[in-house]
>>> print(open('upload15.pdb').read())   # PDB, C-alpha atoms
ATOM      1  CA  MET A   1     -46.395  35.667   4.087
ATOM      2  CA  GLU A   2     -46.674  31.892   3.873
ATOM      3  CA  ILE A   3     -46.790  28.967   6.275
ATOM      4  CA  LEU A   4     -44.849  25.857   5.295
ATOM      5  CA  VAL A   5     -45.397  22.599   7.149
ATOM      6  CA  ILE A   6     -42.689  20.037   6.485
ATOM      7  CA  ASN A   7     -44.281  16.653   7.090
ATOM      8  CA  ASP A   8     -41.277  14.440   7.787
ATOM      9  CA  GLY A   9     -42.832  11.093   6.945
ATOM     10  CA  SER A  10     -45.461  11.158   9.706
ATOM     11  CA  THR A  11     -48.088   8.420   9.675
ATOM     12  CA  ASP A  12     -50.944  10.367  11.285
ATOM     13  CA  ASN A  13     -53.191  13.038   9.744
ATOM     14  CA  THR A  14     -50.755  15.933  10.271
ATOM     15  CA  ALA A  15     -50.516  16.744   6.572
ATOM     16  CA  GLU A  16     -54.272  16.789   6.003
ATOM     17  CA  LEU A  17     -55.007  18.952   9.039
ATOM     18  CA  ALA A  18     -52.299  21.409   8.004
ATOM     19  CA  ARG A  19     -53.722  21.697   4.486
ATOM     20  CA  GLN A  20     -57.210  22.275   5.858
ATOM     21  CA  ALA A  21     -55.796  25.077   8.010
ATOM     22  CA  GLY A  22     -54.355  26.779   4.912
ATOM     23  CA  ALA A  23     -50.695  25.809   5.166
ATOM     24  CA  LYS A  24     -48.530  24.685   2.283
ATOM     25  CA  VAL A  25     -47.523  21.105   3.088
ATOM     26  CA  ILE A  26     -44.398  19.396   1.795
ATOM     27  CA  THR A  27     -44.165  15.715   2.660
ATOM     28  CA  HIS A  28     -41.039  13.588   2.860
ATOM     29  CA  PRO A  29     -41.611  10.001   1.684
ATOM     30  CA  TYR A  30     -40.027   8.756   4.925
ATOM     31  CA  CYS A  31     -38.582  10.239   8.117
ATOM     32  CA  GLN A  32     -35.329  12.004   7.250
ATOM     33  CA  GLY A  33     -34.707  13.991  10.408
ATOM     34  CA  ASN A  34     -35.156  17.449  11.875
ATOM     35  CA  GLY A  35     -32.282  18.973   9.916
ATOM     36  CA  ALA A  36     -33.550  17.521   6.649
ATOM     37  CA  ALA A  37     -36.961  19.112   7.284
ATOM     38  CA  ILE A  38     -35.279  22.448   7.936
ATOM     39  CA  LYS A  39     -33.384  22.230   4.642
ATOM     40  CA  THR A  40     -36.548  21.332   2.735
ATOM     41  CA  GLY A  41     -38.318  24.324   4.247
ATOM     42  CA  ALA A  42     -35.467  26.689   3.384
ATOM     43  CA  ARG A  43     -35.334  25.476  -0.224
ATOM     44  CA  ASN A  44     -39.076  25.950  -0.726
ATOM     45  CA  ALA A  45     -39.591  29.220   1.161
ATOM     46  CA  THR A  46     -40.320  32.213  -1.081
ATOM     47  CA  GLY A  47     -39.841  35.074   1.397
ATOM     48  CA  ASP A  48     -36.673  36.958   2.276
ATOM     49  CA  VAL A  49     -36.949  35.985   5.955
ATOM     50  CA  ILE A  50     -37.569  32.457   7.245
ATOM     51  CA  ILE A  51     -38.832  31.692  10.743
ATOM     52  CA  PHE A  52     -38.265  28.138  11.950
ATOM     53  CA  MET A  53     -40.519  26.638  14.620
ATOM     54  CA  ASP A  54     -40.585  23.128  16.038
ATOM     55  CA  GLY A  55     -43.698  21.081  15.426
ATOM     56  CA  ASP A  56     -44.230  19.964  19.023
ATOM     57  CA  GLY A  57     -46.073  23.029  20.287
ATOM     58  CA  GLN A  58     -43.224  24.497  22.330
ATOM     59  CA  HIS A  59     -42.905  27.713  20.342
ATOM     60  CA  ASN A  60     -45.454  30.526  20.579
ATOM     61  CA  PRO A  61     -46.263  32.374  17.320
ATOM     62  CA  VAL A  62     -46.981  35.486  19.415
ATOM     63  CA  ASP A  63     -43.185  35.921  19.693
ATOM     64  CA  ILE A  64     -42.706  36.267  15.927
ATOM     65  CA  PRO A  65     -43.087  40.100  15.780
ATOM     66  CA  MET A  66     -40.284  40.363  18.336
ATOM     67  CA  PHE A  67     -38.035  38.356  16.015
ATOM     68  CA  LEU A  68     -38.930  40.506  13.000
ATOM     69  CA  GLN A  69     -38.336  43.727  14.917
ATOM     70  CA  LYS A  70     -34.847  42.526  15.769
ATOM     71  CA  MET A  71     -34.245  41.590  12.123
ATOM     72  CA  ASP A  72     -35.134  45.156  11.134
ATOM     73  CA  GLU A  73     -32.233  46.343  13.304
ATOM     74  CA  GLY A  74     -29.804  44.717  10.865
ATOM     75  CA  TYR A  75     -29.336  41.198  12.208
ATOM     76  CA  ASP A  76     -29.093  38.229   9.839
ATOM     77  CA  MET A  77     -30.174  35.675  12.449
ATOM     78  CA  VAL A  78     -32.345  36.088  15.550
ATOM     79  CA  VAL A  79     -32.563  33.192  17.995
ATOM     80  CA  GLY A  80     -35.140  32.663  20.724
ATOM     81  CA  ALA A  81     -33.240  32.183  23.991
ATOM     82  CA  ARG A  82     -35.249  29.938  26.322
ATOM     83  CA  ASN A  83     -35.461  30.837  29.983
ATOM     84  CA  ALA A  84     -34.542  28.345  32.699
ATOM     85  CA  LYS A  85     -38.155  27.302  33.241
ATOM     86  CA  SER A  86     -38.332  26.182  29.608
ATOM     87  CA  GLN A  87     -35.774  23.415  30.163
ATOM     88  CA  ALA A  88     -37.637  20.187  30.896
ATOM     89  CA  SER A  89     -34.937  18.503  32.981
ATOM     90  CA  LEU A  90     -31.836  19.215  35.022
ATOM     91  CA  PHE A  91     -29.769  17.270  32.490
ATOM     92  CA  ARG A  92     -30.874  19.555  29.660
ATOM     93  CA  ARG A  93     -30.259  22.694  31.707
ATOM     94  CA  ILE A  94     -26.732  21.596  32.557
ATOM     95  CA  GLY A  95     -26.022  20.431  29.010
ATOM     96  CA  ASN A  96     -27.288  23.608  27.368
ATOM     97  CA  ALA A  97     -25.421  25.800  29.865
ATOM     98  CA  PHE A  98     -22.209  23.936  29.050
ATOM     99  CA  TYR A  99     -22.749  24.242  25.277
ATOM    100  CA  ASN A 100     -23.527  27.946  25.565
ATOM    101  CA  ARG A 101     -20.413  28.620  27.611
ATOM    102  CA  PHE A 102     -18.142  26.534  25.408
ATOM    103  CA  ALA A 103     -19.465  28.112  22.203
ATOM    104  CA  SER A 104     -19.119  31.600  23.707
ATOM    105  CA  ILE A 105     -15.447  30.926  24.425
ATOM    106  CA  MET A 106     -14.875  29.575  20.928
ATOM    107  CA  THR A 107     -16.539  32.501  19.149
ATOM    108  CA  GLY A 108     -15.755  35.378  21.485
ATOM    109  CA  HIS A 109     -19.455  36.289  21.473
ATOM    110  CA  LYS A 110     -21.999  35.700  24.222
ATOM    111  CA  ILE A 111     -24.311  32.885  23.138
ATOM    112  CA  ASP A 112     -27.514  32.716  25.160
ATOM    113  CA  ASP A 113     -29.008  29.568  23.622
ATOM    114  CA  LEU A 114     -27.006  27.491  21.174
ATOM    115  CA  THR A 115     -29.552  24.734  20.585
ATOM    116  CA  SER A 116     -32.843  26.649  20.320
ATOM    117  CA  GLY A 117     -34.835  25.711  17.214
ATOM    118  CA  PHE A 118     -36.985  28.862  17.264
ATOM    119  CA  ARG A 119     -35.131  31.327  15.061
ATOM    120  CA  ALA A 120     -35.469  33.796  12.203
ATOM    121  CA  VAL A 121     -32.885  34.044   9.422
ATOM    122  CA  LYS A 122     -32.229  35.934   6.218
ATOM    123  CA  LYS A 123     -32.888  33.322   3.576
ATOM    124  CA  ASP A 124     -30.035  34.323   1.266
ATOM    125  CA  LYS A 125     -27.528  34.010   4.110
ATOM    126  CA  PHE A 126     -28.968  30.787   5.523
ATOM    127  CA  LYS A 127     -29.014  28.960   2.188
ATOM    128  CA  LYS A 128     -25.246  29.452   1.855
ATOM    129  CA  PHE A 129     -24.770  26.870   4.611
ATOM    130  CA  LEU A 130     -27.398  24.251   3.778
ATOM    131  CA  TYR A 131     -24.730  21.767   2.725
ATOM    132  CA  LEU A 132     -23.164  22.036   6.192
ATOM    133  CA  LEU A 133     -26.353  21.227   8.079
ATOM    134  CA  PRO A 134     -26.764  17.651   9.310
ATOM    135  CA  ASN A 135     -30.044  15.817   8.792
ATOM    136  CA  GLY A 136     -30.363  15.192  12.517
ATOM    137  CA  PHE A 137     -30.980  17.410  15.521
ATOM    138  CA  SER A 138     -27.847  19.581  15.596
ATOM    139  CA  TYR A 139     -28.842  22.025  12.851
ATOM    140  CA  PRO A 140     -29.231  24.942  15.365
ATOM    141  CA  THR A 141     -25.657  24.510  16.557
ATOM    142  CA  THR A 142     -24.251  24.248  13.058
ATOM    143  CA  SER A 143     -26.158  27.212  11.632
ATOM    144  CA  THR A 144     -25.328  29.469  14.584
ATOM    145  CA  MET A 145     -21.607  28.729  14.382
ATOM    146  CA  ALA A 146     -21.638  29.164  10.598
ATOM    147  CA  PHE A 147     -23.171  32.640  10.926
ATOM    148  CA  PHE A 148     -20.674  33.698  13.588
ATOM    149  CA  ARG A 149     -17.771  32.267  11.565
ATOM    150  CA  SER A 150     -18.822  34.247   8.488
ATOM    151  CA  GLY A 151     -19.309  37.505  10.368
ATOM    152  CA  PHE A 152     -23.096  37.623   9.938
ATOM    153  CA  PRO A 153     -24.650  39.380  12.979
ATOM    154  CA  VAL A 154     -26.664  37.183  15.354
ATOM    155  CA  ALA A 155     -29.024  38.401  18.094
ATOM    156  CA  TYR A 156     -30.936  36.699  20.903
ATOM    157  CA  VAL A 157     -34.398  37.494  22.220
ATOM    158  CA  PRO A 158     -35.845  35.965  25.413
ATOM    159  CA  ILE A 159     -38.689  33.473  24.993
ATOM    160  CA  HIS A 160     -40.533  30.911  27.053
ATOM    161  CA  ALA A 161     -40.866  27.500  25.442
ATOM    162  CA  GLY A 162     -44.082  25.741  26.387
ATOM    163  CA  GLN A 163     -44.660  22.154  27.375
ATOM    164  CA  ARG A 164     -43.754  19.691  24.652
ATOM    165  CA  LYS A 165     -46.617  17.773  23.042
ATOM    166  CA  GLY A 166     -45.562  14.176  22.619
ATOM    167  CA  LYS A 167     -42.319  12.529  23.665
ATOM    168  CA  SER A 168     -38.822  13.794  22.953
ATOM    169  CA  HIS A 169     -36.697  11.687  20.624
ATOM    170  CA  ILE A 170     -33.590  12.649  22.609
ATOM    171  CA  ARG A 171     -32.307  10.045  25.068
ATOM    172  CA  ILE A 172     -29.670  10.908  27.650
ATOM    173  CA  PHE A 173     -27.416   7.864  27.281
ATOM    174  CA  ARG A 174     -28.037   7.147  23.623
ATOM    175  CA  ASP A 175     -27.286  10.730  22.645
ATOM    176  CA  GLY A 176     -24.244  11.185  24.856
ATOM    177  CA  THR A 177     -21.955  10.478  21.918
ATOM    178  CA  ARG A 178     -23.962  12.850  19.738
ATOM    179  CA  PHE A 179     -23.553  15.640  22.289
ATOM    180  CA  PHE A 180     -19.792  15.059  22.322
ATOM    181  CA  ILE A 181     -19.776  15.288  18.531
ATOM    182  CA  ILE A 182     -21.688  18.576  18.777
ATOM    183  CA  ILE A 183     -18.850  19.948  20.900
ATOM    184  CA  LEU A 184     -16.315  18.874  18.274
ATOM    185  CA  ARG A 185     -18.544  20.360  15.571
ATOM    186  CA  ILE A 186     -18.557  23.699  17.391
ATOM    187  CA  GLY A 187     -14.777  23.743  17.386
ATOM    188  CA  SER A 188     -14.289  22.496  13.851
ATOM    189  CA  LEU A 189     -16.888  24.838  12.356
ATOM    190  CA  PHE A 190     -15.644  28.001  13.980
ATOM    191  CA  SER A 191     -11.920  27.867  14.696
ATOM    192  CA  PRO A 192     -10.375  24.397  14.906
ATOM    193  CA  MET A 193      -7.058  25.639  16.276
ATOM    194  CA  ARG A 194      -8.809  27.071  19.323
ATOM    195  CA  LEU A 195      -9.838  23.511  20.104
ATOM    196  CA  PHE A 196      -6.831  21.505  18.925
ATOM    197  CA  LEU A 197      -4.011  23.831  20.016
ATOM    198  CA  PRO A 198      -4.737  23.718  23.785
ATOM    199  CA  VAL A 199      -5.037  19.936  23.576
ATOM    200  CA  SER A 200      -1.754  19.736  21.675
ATOM    201  CA  ILE A 201       0.046  21.987  24.173
ATOM    202  CA  THR A 202      -1.323  19.980  27.103
ATOM    203  CA  LEU A 203      -0.110  16.707  25.593
ATOM    204  CA  PHE A 204       3.297  18.240  24.843
ATOM    205  CA  LEU A 205       3.718  19.512  28.397
ATOM    206  CA  LEU A 206       2.645  16.145  29.808
ATOM    207  CA  GLY A 207       5.156  14.401  27.563
ATOM    208  CA  MET A 208       8.002  16.715  28.506
ATOM    209  CA  GLY A 209       7.055  16.562  32.172
ATOM    210  CA  TYR A 210       6.973  12.778  32.169
ATOM    211  CA  TYR A 211      10.274  12.686  30.278
ATOM    212  CA  GLY A 212      11.828  14.950  32.898
ATOM    213  CA  TYR A 213      10.542  12.672  35.645
ATOM    214  CA  THR A 214      11.749   9.422  34.052
ATOM    215  CA  PHE A 215      15.091  10.948  33.060
ATOM    216  CA  THR A 216      15.659  12.069  36.648
ATOM    217  CA  THR A 217      14.553   8.805  38.265
ATOM    218  CA  GLN A 218      15.447   6.196  35.617
ATOM    219  CA  HIS A 219      17.846   8.038  33.274
ATOM    220  CA  ARG A 220      15.892   7.019  30.186
ATOM    221  CA  PHE A 221      13.379   8.177  27.623
ATOM    222  CA  THR A 222      10.222   6.058  27.930
ATOM    223  CA  ASN A 223       7.669   4.923  25.361
ATOM    224  CA  MET A 224       4.975   6.887  27.193
ATOM    225  CA  SER A 225       6.909  10.115  26.754
ATOM    226  CA  ALA A 226       7.323   9.358  23.070
ATOM    227  CA  LEU A 227       3.624   8.595  22.715
ATOM    228  CA  LEU A 228       2.560  11.829  24.395
ATOM    229  CA  LEU A 229       4.945  13.951  22.330
ATOM    230  CA  ASN A 230       4.001  12.262  19.061
ATOM    231  CA  THR A 231       0.300  12.648  19.860
ATOM    232  CA  SER A 232       0.788  16.343  20.583
ATOM    233  CA  VAL A 233       2.388  16.849  17.158
ATOM    234  CA  ILE A 234      -0.344  14.836  15.409
ATOM    235  CA  THR A 235      -3.055  16.802  17.235
ATOM    236  CA  PHE A 236      -1.459  20.089  16.186
ATOM    237  CA  LEU A 237      -1.267  18.986  12.549
ATOM    238  CA  MET A 238      -4.904  17.848  12.661
ATOM    239  CA  GLY A 239      -5.900  21.268  13.948
ATOM    240  CA  PHE A 240      -3.849  23.021  11.281
ATOM    241  CA  LEU A 241      -5.430  20.920   8.531
ATOM    242  CA  SER A 242      -8.916  21.425   9.990
ATOM    243  CA  GLU A 243      -8.319  25.176  10.006
ATOM    244  CA  GLN A 244      -7.647  25.105   6.270
ATOM    245  CA  VAL A 245     -10.699  22.947   5.580
ATOM    246  CA  SER A 246     -12.846  25.232   7.727
ATOM    247  CA  ALA A 247     -11.692  28.265   5.749
ATOM    248  CA  LEU A 248     -12.706  26.546   2.503
ATOM    249  CA  HIS A 249     -16.222  25.991   3.866
ATOM    250  CA  TYR A 250     -16.769  29.736   4.219
ATOM    251  CA  ARG A 251     -15.009  31.107   1.171
ATOM    252  CA  HIS A 252     -18.337  31.381  -0.702
ATOM    253  CA  ALA A 253     -20.061  33.216   2.174
ATOM    254  CA  GLU A 254     -19.048  36.568   0.676
ATOM    255  CA  ASP A 255     -20.659  35.764  -2.660
ATOM    256  CA  ASP A 256     -24.036  37.345  -3.364
TER     257      ASP A 256
END
>>> encode(input="upload15.pdb", output="structure tokens")
Amino acid sequence: MEILVINDGSTDNTAELARQAGAKVITHPYCQGNGAAIKTGARNATGDVIIFMDGDGQHNPVDIPMFLQKMDEGYDMVVGARNAKSQASLFRRIGNAFYNRFASIMTGHKIDDLTSGFRAVKKDKFKKFLYLLPNGFSYPTTSTMAFFRSGFPVAYVPIHAGQRKGKSHIRIFRDGTRFFIIILRIGSLFSPMRLFLPVSITLFLLGMGYYGYTFTTQHRFTNMSALLLNTSVITFLMGFLSEQVSALHYRHAEDD
């Protein structure tokens, strides 16, 4: 076993304290982001199983044996599913519930906690998707969807996340756009047509419905009808192209 501490450009004495405690410390020259730290840890880990924990004190090491026991049952990824009391605010509870439900629909699998950072993975499987992981905060979403998309079994175990030490870097209004992008990432990583096709059909039906209305009342084909129909076709083609790109991302997942 080994303990890796990825010091993402901190300016306090984190690195020194970690070394004194016996951990192997890898320091980034400047802050690169949560996802970048995860990738650095995965590249430098020597074991067959990697357990990721946030550095803000929320995750309890006592839960680790529970993760490993689940891994022994044949799972390639085990995620700690936080209970409701672990969510610091109503906004986060609502947001996470929405993400979990949306991702469950997209994958066809029940997802208990899409954004939890406390997880165990098989290193050989996880490293296949390092190039997909963003340097920011959405690595849990990306890695979970990548495992489901490739057919690698994922399990969830219940955990309680403790009180955060320090302040969260997530801001409700500033990160609203980022959360929307996460939703698009879920769709594009797993099955783009499941996201784009319903949108395309909706736009097509709106266009045809509006055309029927204007033809009946004004006896003409309007620019709005044309716009809706053209947008539906473009959306469908975008989904079709995204589906092909998505398939290319996972073609190497079967390689040993």
>>> resolve_selection(input="upload15.pdb", expression="the PyMOL selection byres ((chain A and resi 11) around 12)", output="list in words")
Asn7, Asp8, Gly9, Ser10, Asp12, Asn13, Thr14, Ala15, Glu16, Thr27, His28, Pro29, Tyr30 and Cys31 of chain A
>>> residues_near_point(input="upload15.pdb", point="(-40.3, 18.5, 1.2)", cutoff="10 Å", atoms="only C-alpha atoms", output="PyMOL selection string")
chain A and resi 4-9+25-29+36-44
>>> write_last_selection(input="upload15.pdb", atoms="C-alpha atoms", output="compact mmCIF listing (two decimals), in the frame of the given file")
# COMPACT_ATOMS: atom_id res chain seq x y z
CA LEU A 4 -44.85 25.86 5.30
CA VAL A 5 -45.40 22.60 7.15
CA ILE A 6 -42.69 20.04 6.48
CA ASN A 7 -44.28 16.65 7.09
CA ASP A 8 -41.28 14.44 7.79
CA GLY A 9 -42.83 11.09 6.94
CA VAL A 25 -47.52 21.10 3.09
CA ILE A 26 -44.40 19.40 1.80
CA THR A 27 -44.16 15.72 2.66
CA HIS A 28 -41.04 13.59 2.86
CA PRO A 29 -41.61 10.00 1.68
CA ALA A 36 -33.55 17.52 6.65
CA ALA A 37 -36.96 19.11 7.28
CA ILE A 38 -35.28 22.45 7.94
CA LYS A 39 -33.38 22.23 4.64
CA THR A 40 -36.55 21.33 2.74
CA GLY A 41 -38.32 24.32 4.25
CA ALA A 42 -35.47 26.69 3.38
CA ARG A 43 -35.33 25.48 -0.22
CA ASN A 44 -39.08 25.95 -0.73
>>> residues_near_point(input="upload15.pdb", point="(-25.4, 25.3, 2.2)", cutoff="12 Å", atoms="all atoms listed in the file", output="list in words")
Ile38, Lys39, Thr40, Ala42, Arg43, Lys123, Asp124, Lys125, Phe126, Lys127, Lys128, Phe129, Leu130, Tyr131, Leu132, Leu133, Pro134, Tyr139, Thr142, Ser143, Ala146, Phe147, His249, Tyr250, Arg251, His252 and Ala253 of chain A
>>> resolve_selection(input="upload15.pdb", expression="the PyMOL selection byres ((chain A and resi 71) around 12)", output="PyMOL selection string")
chain A and resi 48-51+64-70+72-79+119-123+153-157
>>> resolve_selection(input="upload15.pdb", expression="the PyMOL selection byres ((chain A and resi 111) around 12)", output="mmCIF file with C-alpha atoms, in the coordinates of the input")
data_model
loop_
_atom_site.group_PDB
_atom_site.id
_atom_site.type_symbol
_atom_site.label_atom_id
_atom_site.label_comp_id
_atom_site.auth_asym_id
_atom_site.auth_seq_id
_atom_site.Cartn_x
_atom_site.Cartn_y
_atom_site.Cartn_z
ATOM 1 C CA VAL A 78 -32.345 36.088 15.550
ATOM 2 C CA VAL A 79 -32.563 33.192 17.995
ATOM 3 C CA GLY A 80 -35.140 32.663 20.724
ATOM 4 C CA ALA A 81 -33.240 32.183 23.991
ATOM 5 C CA ARG A 82 -35.249 29.938 26.322
ATOM 6 C CA ASN A 96 -27.288 23.608 27.368
ATOM 7 C CA ALA A 97 -25.421 25.800 29.865
ATOM 8 C CA PHE A 98 -22.209 23.936 29.050
ATOM 9 C CA TYR A 99 -22.749 24.242 25.277
ATOM 10 C CA ASN A 100 -23.527 27.946 25.565
ATOM 11 C CA ARG A 101 -20.413 28.620 27.611
ATOM 12 C CA PHE A 102 -18.142 26.534 25.408
ATOM 13 C CA ALA A 103 -19.465 28.112 22.203
ATOM 14 C CA SER A 104 -19.119 31.600 23.707
ATOM 15 C CA ILE A 105 -15.447 30.926 24.425
ATOM 16 C CA MET A 106 -14.875 29.575 20.928
ATOM 17 C CA THR A 107 -16.539 32.501 19.149
ATOM 18 C CA GLY A 108 -15.755 35.378 21.485
ATOM 19 C CA HIS A 109 -19.455 36.289 21.473
ATOM 20 C CA LYS A 110 -21.999 35.700 24.222
ATOM 21 C CA ASP A 112 -27.514 32.716 25.160
ATOM 22 C CA ASP A 113 -29.008 29.568 23.622
ATOM 23 C CA LEU A 114 -27.006 27.491 21.174
ATOM 24 C CA THR A 115 -29.552 24.734 20.585
ATOM 25 C CA SER A 116 -32.843 26.649 20.320
ATOM 26 C CA THR A 141 -25.657 24.510 16.557
ATOM 27 C CA THR A 144 -25.328 29.469 14.584
ATOM 28 C CA MET A 145 -21.607 28.729 14.382
ATOM 29 C CA PHE A 148 -20.674 33.698 13.588
ATOM 30 C CA VAL A 154 -26.664 37.183 15.354
ATOM 31 C CA ALA A 155 -29.024 38.401 18.094
ATOM 32 C CA TYR A 156 -30.936 36.699 20.903
ATOM 33 C CA VAL A 157 -34.398 37.494 22.220
#
>>> closest_residue(input="upload15.pdb", among="A:Gly136, A:Pro198, A:Gly57, A:Gly209", to="A:Asn34", atoms="all atoms listed in the file")
A:Gly136
>>> atom_distance(input="upload15.pdb", atom1="atom CA of A:Ile94", atom2="atom CA of A:Gly55")
24.1 Å
>>> residues_around(input="upload15.pdb", residues="A:Leu205", least_positions_apart="4", cutoff="9 Å", atoms="only C-alpha atoms", output="VMD selection string")
chain A and resid 200 to 201 209 to 210 228 to 229 232
>>> atom_distance(input="upload15.pdb", atom1="atom CA of A:Leu227", atom2="atom CA of A:Thr214")
14.0 Å
>>> closest_residue(input="upload15.pdb", among="A:Tyr213, A:Asn83, A:Ser225, A:Met193", to="A:Ser246", atoms="only C-alpha atoms")
A:Met193
>>> atom_distance(input="upload15.pdb", atom1="atom CA of A:Ser242", atom2="atom CA of A:Ile181")
15.1 Å
>>> closest_residue(input="upload15.pdb", among="A:Gly187, A:Gly117, A:Pro140, A:Gly22", to="A:His59", atoms="all atoms listed in the file")
A:Gly117
>>> closest_residue(input="upload15.pdb", among="A:Gly95, A:Gly239, A:Gly33, A:Pro61", to="A:Ser188", atoms="all atoms listed in the file")
A:Gly239
